[in-house]
Amino acid sequence: MSARSRARLGALGGVLILAVLVWRVDTRALGEGLRRIDGGTLLAGVGIGVVTTVFSAWRWVVVARGVGIRLPFGAAVADYYRALFLNAALPGGVLGDVHRAVRHGQSAGDMGRGVRAVVWERTAGQLALFVVGAVVLVTMPSPVRASVQQAAPLVGLGAVGALAGVVALRMNRGAGRGAAARRAWVAEIREGLFSRRSAPVVVLSSVVVLGGYVAMFVLAADVAGAGASVAELVPLAVLALLAMGLPLNVGGWGPREGVTAWAFGAAGLGAGRGLTVAVIYGVLSLVASLPGVVVLVVRWYAGVRGAVPG
């Protein structure tokens, strides 16, 4: 199946999830919550977006340097904003990152390294979410705490098994096809993510970015009138963020709303209220990505001016 077909199926899945939610969940709180979004709320969302985008771009710059290519910080921030907007505006939720990877590879003169720099950078963010999310879901009360605690030993054994497999592959230094490329990729990951120069920045930036996403969720819950404490909301935010990584979405919409509605219902806060929180979060995230439109317009205009004979 082609990438385009997968994107279309993912978008269709996201639409179906949203349709089922609107059909089955009491959405009266949705209109009330959306009406409560004011200028101050939007400004707060934009402010959180500035922090998460700047730290994400910083992580990208450091990972790219570890991969062996140069990426100016200002250009990284602009490209990240554009990618966030395209992710939010286009089906699949990842097309902006694809565009960012291809453009970076072209500008660096090394498509492979440019694309891998984006892949490793996004992987670092997902690893931070999985690690912090696992700790949160195991230690803090949530609808899935018991299930996660039961599954944790199995997941741990699986991780150990995967690590053992990686070590076995590293020890087998036969001249298999692609062995040199795999060794180069391992070296890039080690230097870009786990070296003494890169690791502190990658960890700090990933934690700050994740904290910003959780803060956006808490802000959305406050606007929606969820009436829950931050301690109650953090595990629910983690579940919503994990759901956003599923490929069944339209610009990030779909699984996030479904999981949040279920989690709020299971926590006794109301599925309708959970849907409202997820929708407000989506609106705030979209607004926070709007500087990407400015980047698109400015670069389009610069391209047009450059194409016109002087």
# chains A, B, ... in the order shown; residues from 1 in each chain; ligands from 1

call {"tool": "select_by_dssp", "arguments": {"residues": "segment 88-304 of chain A", "states": "helix (DSSP H, G or I)", "output": "ChimeraX atom specification"}}
result
/A:88-89,95-108,111-139,145-171,179-194,199-224,230-244,255-266,271-288,291-304

call {"tool": "atom_distance", "arguments": {"atom1": "atom CA of Gly211 of chain A", "atom2": "atom CA of Leu236 of chain A"}}
result
13.5 Å

call {"tool": "closest_residue", "arguments": {"among": "A:Leu137, A:Val298, A:Ala199, A:Leu290", "to": "Ala83 of chain A", "atoms": "only C-alpha atoms"}}
result
A:Leu290

call {"tool": "closest_residue", "arguments": {"among": "A:Val234, A:Val223, A:Leu129, A:Leu86", "to": "Gly40 of chain A", "atoms": "only C-alpha atoms"}}
result
A:Val223

call {"tool": "residues_around", "arguments": {"residues": "Gly47 of chain A", "least_positions_apart": "5", "cutoff": "10 Å", "atoms": "only C-alpha atoms", "output": "tab-separated table (two decimals) with N, CA, C and O atoms, in the first residue's frame"}}
result
chain	number	residue	atom	x	y	z
A	41	THR	N	-7.15	33.36	26.30
A	41	THR	CA	-6.88	31.94	26.11
A	41	THR	C	-6.07	31.69	24.85
A	41	THR	O	-5.10	30.92	24.85
A	42	LEU	N	-6.44	32.35	23.76
A	42	LEU	CA	-5.70	32.19	22.51
A	42	LEU	C	-4.28	32.69	22.65
A	42	LEU	O	-3.33	32.06	22.15
A	52	THR	N	7.23	25.59	23.03
A	52	THR	CA	7.40	24.22	22.52
A	52	THR	C	8.09	24.21	21.16
A	52	THR	O	8.92	23.34	20.88
A	53	THR	N	7.77	25.19	20.32
A	53	THR	CA	8.37	25.22	18.98
A	53	THR	C	9.85	25.57	19.05
A	53	THR	O	10.69	24.96	18.36
A	212	GLY	N	5.03	21.50	27.84
A	212	GLY	CA	4.20	22.49	27.15
A	212	GLY	C	2.92	21.89	26.62
A	212	GLY	O	1.84	22.49	26.73
A	216	MET	N	-0.86	22.89	27.73
A	216	MET	CA	-1.92	23.25	26.78
A	216	MET	C	-3.18	22.45	27.09
A	216	MET	O	-4.30	22.99	27.02
A	288	ALA	N	-1.79	28.05	17.74
A	288	ALA	CA	-0.36	28.15	18.07
A	288	ALA	C	0.52	27.89	16.86
A	288	ALA	O	1.68	28.34	16.82

call {"tool": "closest_atom_pairs", "arguments": {"of": "segment 190-282 of chain A", "to": "segment 108-123 of chain A", "cutoff": "10 Å", "atoms": "only C-alpha atoms", "output": "JSON lines"}}
result
{"residue": "A:Gly192", "atom": "CA", "partner": "A:Trp120", "partner_atom": "CA", "distance": 7.8}
{"residue": "A:Leu193", "atom": "CA", "partner": "A:Trp120", "partner_atom": "CA", "distance": 7.7}
{"residue": "A:Val202", "atom": "CA", "partner": "A:Glu121", "partner_atom": "CA", "distance": 8.5}
{"residue": "A:Ser206", "atom": "CA", "partner": "A:Glu121", "partner_atom": "CA", "distance": 9.6}

call {"tool": "atom_distance", "arguments": {"atom1": "atom CA of Val62 of chain A", "atom2": "atom CA of Leu246 of chain A"}}
result
26.7 Å

call {"tool": "atom_distance", "arguments": {"atom1": "atom CA of Gly282 of chain A", "atom2": "atom CA of Leu95 of chain A"}}
result
17.2 Å

call {"tool": "residues_around", "arguments": {"residues": "Ser56 of chain A", "least_positions_apart": "6", "cutoff": "8 Å", "atoms": "only C-alpha atoms", "output": "MDAnalysis selection string"}}
result
chainID A and resid 80 205:206 209

call {"tool": "residues_around", "arguments": {"residues": "Val136 of chain A", "least_positions_apart": "5", "cutoff": "12 Å", "atoms": "only C-alpha atoms", "output": "count of residues only"}}
result
20
